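K.L.:
First, the structure itself, so that you have it in front of you.
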Amino acid sequence: MPELPEVQALVDFLAGRTLDRVVTDVELGSIAVLKTFDPPPDSLVGRPVDGVHRHGKFVDLDVDGTHLVFHLARAGWLRWYEEVPATRVRPGRSPIALRVRLDDDSGFDLTEAGTRKGLAAYVVPDPAAVPGIASLGPDPLAEDFDLAQFTALLEGRRTQVKGLLRDQSVLAGVGNAYSDEVLHAARLSPFAIAAKLTEEEVARLYEALRTTLTAAVLAAEGRPAAELKDAKRQGMNVHGRTGEACPVCGDTVHEVSFADSSLQYCPTCQTGGKELADRRMSRLLR
C-alpha cells in the first residue's frame with residue numbers, strides 16, 4: 001500500500017504533468033470504484049487542473065473547483081501515459097478502474113490487482129466531503145506538528161504504539177511499512193503501550209517519525225510513478241525483510257503475523273533481545 005512518501009511523490013509527479021491541462025474524458029472501468037454520484041465524473045470534462053494535493057494517503061486533483069479524489073488502498077496504483085491508448089476502457093475486462101484523459105493526449109489509469117477491492121475514487125465539490133479525509137488526524141510532516149502536539153496525541157492511549165501510528169484518525173499517512181521503520185529507528189517495541197512511554201521515548205519516537213518520513217519523501221522525490229514501489233522496498237531496513245540481517249546491529253529481523261498483515265522488527269534494537277509472540281488473532285493491530 002502506498003503511504004505518505006509515495007503518495008506525496010505521486011502528487012508531485014501529477015502536478016508536474018497535469019497543472020493547467022484540461023480534462024477531456026473520464027472513463028470508468030469499475031462502477032464500484034466511484035463512491036459518489038453527484039457531481040458525475042463527466043462534470044470534470046472541459047475543465048483545467050488547478051492543483052494536485054495530498055491529504056494523508058489520498059490524492060486530490062482540483063479540477064476547476066471540483067475535486068477528483070482517490071485512495072489507492074492495498075493493491076491500487078497509478079499508471080501514467082504520455083499518450084493514452086486510443087481504445088476505450090471496457091468495464092470488467094481489465095485491472096483498469098478509472099482513466100483520465102487530458103488535452104495533450106496524456107493521462108493516467110487507476111488500476112487494481114487481485115480480488116480484494118479497496119481502490120476508491122470520489123468526485124466532490126470539497127475534499128472534506130470525503131469521509132476518510134474528514135476524519136484524518138494531523139499530518140506528521142506539517143510544519144506546525146511539533147513534539148507537544150505529538151505528546152498530546154499519545155497521552156492516555158492504552159493502545160499498542162504500532163496500531164496507533166497506523167490509525168489515520170490519529171496521524172495521517174503512516175501505514176504498516178513506515179510504522180515498522182519508525183519504530184525501528186526509535187528503538188521501540190511495536191507492542192509498547194503509548195500511554196506508558198517515557199518522556200524520552202516519546203521524544204525519540206517523534207524524532208524517528210519526522211526523520212524517517214522526511215528521508216523517504218526525499219528518496220521518492222522526482223521518481224516516475226512506475227518506480228515508486230521498488231524504491232519503497234529498497235529503502236526499508238526491517239519491513240519486508242524477515243530473516244535478513246538488521247542493518248544497524250546485524251541481528252536477524254523477526255516477524256509477527258496477523259490475520260491480514262504482518263510486522264517486522266529487530267529484537268536487539270527494539271525489544272531487548274526478546275522475541276515477540278505471534279498474535280495472529282490480535283485486534284489491537286489492524
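For the C-alpha cells, the naming scheme is as follows: chains receive sequential letters (A, B, ...) according to their order of presentation, residues are indexed from 1 within each chain, and ligands are indexed from 1 in presentation order.
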Residues within 9 Å of segment 255-272 of chain A, please, as JSON, numbers by chain. Count only C-alpha atoms; anything in the same chain fewer than 4 positions from it doesn't count.
P.N.:
{"A": [162, 176, 177, 179, 180, 181, 183, 184, 185, 186, 187, 188, 189, 190, 238, 239, 240, 241, 242, 243, 245, 246, 248, 249, 250, 251, 276, 277, 278, 279, 280, 281, 282, 283, 285, 286]}
K.L.:
How would the residues just chosen look if you wrote them out with N, CA, C and O atoms as a short mmCIF file (atom, residue, chain, number, x, y, z; two decimals), in the first residue's frame?
P.N.:
```
data_model
loop_
_atom_site.label_atom_id
_atom_site.label_comp_id
_atom_site.auth_asym_id
_atom_site.auth_seq_id
_atom_site.Cartn_x
_atom_site.Cartn_y
_atom_site.Cartn_z
N LYS A 162 2.32 0.57 17.68
CA LYS A 162 2.26 0.21 16.26
C LYS A 162 0.88 0.53 15.69
O LYS A 162 0.75 1.15 14.62
N ASN A 176 1.46 0.40 7.44
CA ASN A 176 2.15 -0.73 8.03
C ASN A 176 3.66 -0.67 7.84
O ASN A 176 4.43 -0.93 8.76
N ALA A 177 4.10 -0.30 6.64
CA ALA A 177 5.53 -0.32 6.35
C ALA A 177 6.29 0.74 7.13
O ALA A 177 7.28 0.45 7.82
N SER A 179 5.38 2.48 9.72
CA SER A 179 5.31 2.34 11.18
C SER A 179 6.38 1.37 11.66
O SER A 179 7.01 1.59 12.70
N ASP A 180 6.63 0.29 10.90
CA ASP A 180 7.75 -0.61 11.24
C ASP A 180 9.07 0.14 11.23
O ASP A 180 9.90 -0.01 12.14
N GLU A 181 9.28 0.93 10.19
CA GLU A 181 10.54 1.65 10.05
C GLU A 181 10.73 2.71 11.14
O GLU A 181 11.82 2.88 11.68
N LEU A 183 9.39 2.71 14.18
CA LEU A 183 9.63 2.06 15.47
C LEU A 183 11.04 1.48 15.56
O LEU A 183 11.67 1.51 16.62
N HIS A 184 11.55 0.99 14.44
CA HIS A 184 12.94 0.51 14.43
C HIS A 184 13.90 1.66 14.67
O HIS A 184 14.84 1.55 15.48
N ALA A 185 13.67 2.78 14.00
CA ALA A 185 14.54 3.94 14.18
C ALA A 185 14.45 4.48 15.61
O ALA A 185 15.44 5.00 16.14
N ALA A 186 13.27 4.36 16.23
CA ALA A 186 13.07 4.86 17.59
C ALA A 186 13.50 3.86 18.66
O ALA A 186 13.47 4.17 19.85
N ARG A 187 13.86 2.65 18.24
CA ARG A 187 14.28 1.58 19.14
C ARG A 187 13.18 1.23 20.15
O ARG A 187 13.41 1.08 21.34
N LEU A 188 11.95 1.10 19.62
CA LEU A 188 10.81 0.80 20.46
C LEU A 188 10.09 -0.45 19.97
O LEU A 188 9.99 -0.69 18.76
N SER A 189 9.55 -1.22 20.92
CA SER A 189 8.77 -2.39 20.57
C SER A 189 7.45 -1.98 19.94
O SER A 189 6.80 -1.02 20.41
N PRO A 190 7.00 -2.67 18.90
CA PRO A 190 5.68 -2.37 18.32
C PRO A 190 4.55 -2.64 19.30
O PRO A 190 3.46 -2.10 19.15
N VAL A 238 13.76 -2.83 8.02
CA VAL A 238 13.20 -4.05 8.62
C VAL A 238 11.92 -4.51 7.93
O VAL A 238 11.67 -5.71 7.84
N HIS A 239 11.09 -3.60 7.49
CA HIS A 239 9.81 -4.01 6.91
C HIS A 239 10.03 -4.84 5.64
O HIS A 239 10.77 -4.45 4.74
N GLY A 240 9.38 -5.99 5.60
CA GLY A 240 9.51 -6.89 4.46
C GLY A 240 10.83 -7.61 4.39
O GLY A 240 11.15 -8.23 3.38
N ARG A 241 11.63 -7.58 5.48
CA ARG A 241 12.96 -8.17 5.45
C ARG A 241 13.12 -9.28 6.50
O ARG A 241 14.20 -9.45 7.07
N THR A 242 12.06 -10.02 6.74
CA THR A 242 12.12 -11.12 7.68
C THR A 242 13.25 -12.09 7.32
O THR A 242 13.38 -12.50 6.17
N GLY A 243 14.05 -12.45 8.33
CA GLY A 243 15.15 -13.39 8.12
C GLY A 243 16.44 -12.76 7.66
O GLY A 243 17.48 -13.43 7.64
N ALA A 245 19.52 -9.68 7.86
CA ALA A 245 20.27 -9.04 8.94
C ALA A 245 19.83 -7.60 9.12
O ALA A 245 19.68 -6.86 8.14
N CYS A 246 19.64 -7.19 10.36
CA CYS A 246 19.35 -5.79 10.65
C CYS A 246 20.56 -4.96 10.23
O CYS A 246 21.69 -5.27 10.61
N VAL A 248 21.51 -2.19 11.29
CA VAL A 248 22.08 -1.43 12.40
C VAL A 248 22.94 -2.31 13.30
O VAL A 248 24.07 -1.96 13.65
N CYS A 249 22.40 -3.50 13.69
CA CYS A 249 23.11 -4.32 14.67
C CYS A 249 23.51 -5.70 14.16
O CYS A 249 24.30 -6.40 14.79
N GLY A 250 22.94 -6.12 13.03
CA GLY A 250 23.28 -7.42 12.46
C GLY A 250 22.42 -8.58 12.94
O GLY A 250 22.55 -9.70 12.44
N ASP A 251 21.55 -8.35 13.92
CA ASP A 251 20.63 -9.39 14.38
C ASP A 251 19.65 -9.74 13.25
O ASP A 251 19.49 -8.98 12.28
N LEU A 276 9.02 -11.48 20.11
CA LEU A 276 7.61 -11.21 20.39
C LEU A 276 6.73 -12.38 19.99
O LEU A 276 7.01 -13.09 19.01
N ALA A 277 5.65 -12.58 20.75
CA ALA A 277 4.71 -13.65 20.44
C ALA A 277 3.96 -13.33 19.15
O ALA A 277 3.67 -12.17 18.84
N ASP A 278 3.64 -14.37 18.38
CA ASP A 278 2.89 -14.21 17.13
C ASP A 278 1.41 -14.17 17.47
O ASP A 278 0.79 -15.18 17.77
N ARG A 279 0.85 -12.98 17.45
CA ARG A 279 -0.54 -12.79 17.88
C ARG A 279 -1.46 -12.66 16.67
O ARG A 279 -1.98 -11.59 16.34
N ARG A 280 -1.68 -13.75 15.99
CA ARG A 280 -2.45 -13.72 14.76
C ARG A 280 -3.88 -13.22 14.95
O ARG A 280 -4.48 -12.67 14.05
N MET A 281 -4.42 -13.43 16.12
CA MET A 281 -5.80 -13.03 16.35
C MET A 281 -5.91 -11.67 17.06
O MET A 281 -7.01 -11.27 17.46
N SER A 282 -4.79 -10.98 17.20
CA SER A 282 -4.82 -9.69 17.89
C SER A 282 -5.75 -8.71 17.19
O SER A 282 -5.75 -8.60 15.98
N ARG A 283 -6.53 -8.01 17.97
CA ARG A 283 -7.40 -6.98 17.40
C ARG A 283 -6.85 -5.58 17.64
O ARG A 283 -7.45 -4.59 17.21
N LEU A 285 -3.83 -4.51 16.55
CA LEU A 285 -3.11 -4.07 15.36
C LEU A 285 -3.97 -4.36 14.15
O LEU A 285 -4.24 -5.51 13.85
N ARG A 286 -4.42 -3.34 13.50
CA ARG A 286 -5.33 -3.56 12.38
C ARG A 286 -4.95 -2.66 11.22
O ARG A 286 -4.11 -1.82 11.35
#
```
K.L.:
What's around Arg47 of chain A at 6 Å? Count only C-alpha atoms, leave out sequence neighbours fewer than 2 positions away in its own chain, and write the answer as a PDB file with N, CA, C and O atoms, in the first residue's frame.
P.N.:
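Written out: out_13.pdb:
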```pdb
ATOM      1  N   VAL A  22      -6.298  20.389 -19.548  1.00  0.00           N
ATOM      2  CA  VAL A  22      -7.762  20.288 -19.498  1.00  0.00           C
ATOM      3  C   VAL A  22      -8.174  18.826 -19.590  1.00  0.00           C
ATOM      4  O   VAL A  22      -7.651  18.075 -20.427  1.00  0.00           O
ATOM      5  N   VAL A  23      -9.074  18.420 -18.722  1.00  0.00           N
ATOM      6  CA  VAL A  23      -9.599  17.053 -18.756  1.00  0.00           C
ATOM      7  C   VAL A  23     -10.519  16.912 -19.967  1.00  0.00           C
ATOM      8  O   VAL A  23     -11.449  17.708 -20.147  1.00  0.00           O
ATOM      9  N   LEU A  44     -16.145  16.857 -14.854  1.00  0.00           N
ATOM     10  CA  LEU A  44     -14.747  17.285 -14.910  1.00  0.00           C
ATOM     11  C   LEU A  44     -14.307  17.620 -16.333  1.00  0.00           C
ATOM     12  O   LEU A  44     -13.311  18.323 -16.521  1.00  0.00           O
ATOM     13  N   VAL A  45     -15.018  17.111 -17.314  1.00  0.00           N
ATOM     14  CA  VAL A  45     -14.621  17.255 -18.712  1.00  0.00           C
ATOM     15  C   VAL A  45     -14.727  18.710 -19.157  1.00  0.00           C
ATOM     16  O   VAL A  45     -15.695  19.410 -18.860  1.00  0.00           O
ATOM     17  N   ASP A  64     -10.705  22.783 -11.559  1.00  0.00           N
ATOM     18  CA  ASP A  64     -11.523  23.989 -11.657  1.00  0.00           C
ATOM     19  C   ASP A  64     -12.571  24.046 -10.544  1.00  0.00           C
ATOM     20  O   ASP A  64     -13.730  24.401 -10.769  1.00  0.00           O
TER      21      ASP A  64
END
```
K.L.:
Have a look at A:Val26, A:Arg21, A:Pro40, A:Ala219 and name the one nearest to Ala231 of chain A; count only C-alpha atoms.
P.N.:
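Selected residue with least distance to Ala231 of chain A: A:Ala219.
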K.L.:
Record the distance separating atom CA of Leu171 of chain A and atom CA of Gly222 of chain A, expressed in Å with one decimal.
P.N.:
25.0 Å
K.L.:
Give me, as a list of chain:residue names, all polymer residues having an atom no more than 12 Å from Thr36 of chain A, counting only C-alpha atoms and skipping those fewer than 4 positions away in the same chain.
P.N.:
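Final neighbour list, sorted by chain and number: A:Ile31, A:Ala32, A:Pro40, A:Pro41, A:His67, A:Leu68, A:Val69, A:Phe70, A:Ala120, A:Ala121, A:Tyr122, A:Val123, A:Val124, A:Pro125, A:Ala129, A:Val130, A:Pro131.
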K.L.:
Would you mind exporting N, CA, C and O atoms of the selected residues as a JSON list (two decimals), in the first residue's frame?
P.N.:
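Below is the file out32.json, written as the result:
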```json
[["chain", "number", "residue", "atom", "x", "y", "z"],
["A", 31, "ILE", "N", -17.55, 0.32, -11.90],
["A", 31, "ILE", "CA", -18.57, 1.17, -11.28],
["A", 31, "ILE", "C", -18.34, 1.26, -9.78],
["A", 31, "ILE", "O", -18.54, 2.29, -9.15],
["A", 32, "ALA", "N", -17.85, 0.15, -9.19],
["A", 32, "ALA", "CA", -17.69, 0.09, -7.74],
["A", 32, "ALA", "C", -16.62, 1.05, -7.23],
["A", 32, "ALA", "O", -16.65, 1.42, -6.05],
["A", 40, "PRO", "N", -21.35, 14.16, -11.27],
["A", 40, "PRO", "CA", -20.90, 12.98, -12.01],
["A", 40, "PRO", "C", -19.48, 13.17, -12.54],
["A", 40, "PRO", "O", -19.00, 14.31, -12.64],
["A", 41, "PRO", "N", -18.80, 12.09, -12.90],
["A", 41, "PRO", "CA", -17.42, 12.20, -13.41],
["A", 41, "PRO", "C", -17.31, 13.10, -14.64],
["A", 41, "PRO", "O", -16.30, 13.79, -14.80],
["A", 67, "HIS", "N", -13.31, 18.37, -7.29],
["A", 67, "HIS", "CA", -12.15, 17.57, -6.91],
["A", 67, "HIS", "C", -12.34, 16.10, -7.25],
["A", 67, "HIS", "O", -13.34, 15.48, -6.88],
["A", 68, "LEU", "N", -11.35, 15.55, -7.97],
["A", 68, "LEU", "CA", -11.26, 14.11, -8.16],
["A", 68, "LEU", "C", -10.28, 13.61, -7.10],
["A", 68, "LEU", "O", -9.09, 13.90, -7.15],
["A", 69, "VAL", "N", -10.80, 12.89, -6.13],
["A", 69, "VAL", "CA", -10.01, 12.39, -5.01],
["A", 69, "VAL", "C", -9.95, 10.87, -5.10],
["A", 69, "VAL", "O", -10.96, 10.23, -5.39],
["A", 70, "PHE", "N", -8.77, 10.31, -4.88],
["A", 70, "PHE", "CA", -8.70, 8.85, -4.88],
["A", 70, "PHE", "C", -7.73, 8.33, -3.81],
["A", 70, "PHE", "O", -6.79, 9.02, -3.40],
["A", 120, "ALA", "N", -10.64, 3.47, -4.19],
["A", 120, "ALA", "CA", -11.83, 4.30, -4.10],
["A", 120, "ALA", "C", -11.58, 5.66, -4.75],
["A", 120, "ALA", "O", -10.51, 6.26, -4.57],
["A", 121, "ALA", "N", -12.56, 6.13, -5.51],
["A", 121, "ALA", "CA", -12.48, 7.45, -6.15],
["A", 121, "ALA", "C", -13.75, 8.24, -5.81],
["A", 121, "ALA", "O", -14.84, 7.66, -5.68],
["A", 122, "TYR", "N", -13.59, 9.54, -5.71],
["A", 122, "TYR", "CA", -14.69, 10.42, -5.34],
["A", 122, "TYR", "C", -14.63, 11.66, -6.23],
["A", 122, "TYR", "O", -13.55, 12.19, -6.50],
["A", 123, "VAL", "N", -15.78, 12.14, -6.66],
["A", 123, "VAL", "CA", -15.87, 13.45, -7.33],
["A", 123, "VAL", "C", -16.72, 14.32, -6.42],
["A", 123, "VAL", "O", -17.92, 14.06, -6.22],
["A", 124, "VAL", "N", -16.08, 15.35, -5.84],
["A", 124, "VAL", "CA", -16.73, 16.13, -4.79],
["A", 124, "VAL", "C", -16.43, 17.63, -4.96],
["A", 124, "VAL", "O", -15.40, 18.00, -5.52],
["A", 125, "PRO", "N", -17.31, 18.49, -4.45],
["A", 125, "PRO", "CA", -17.03, 19.93, -4.50],
["A", 125, "PRO", "C", -15.99, 20.38, -3.48],
["A", 125, "PRO", "O", -15.41, 21.46, -3.60],
["A", 129, "ALA", "N", -15.60, 16.54, 1.98],
["A", 129, "ALA", "CA", -16.81, 15.73, 1.81],
["A", 129, "ALA", "C", -16.48, 14.24, 1.74],
["A", 129, "ALA", "O", -17.38, 13.40, 1.82],
["A", 130, "VAL", "N", -15.20, 13.90, 1.57],
["A", 130, "VAL", "CA", -14.78, 12.50, 1.58],
["A", 130, "VAL", "C", -14.62, 12.07, 3.04],
["A", 130, "VAL", "O", -13.82, 12.65, 3.77],
["A", 131, "PRO", "N", -15.38, 11.06, 3.48],
["A", 131, "PRO", "CA", -15.33, 10.69, 4.90],
["A", 131, "PRO", "C", -13.93, 10.39, 5.42],
["A", 131, "PRO", "O", -13.58, 10.79, 6.54]]
```
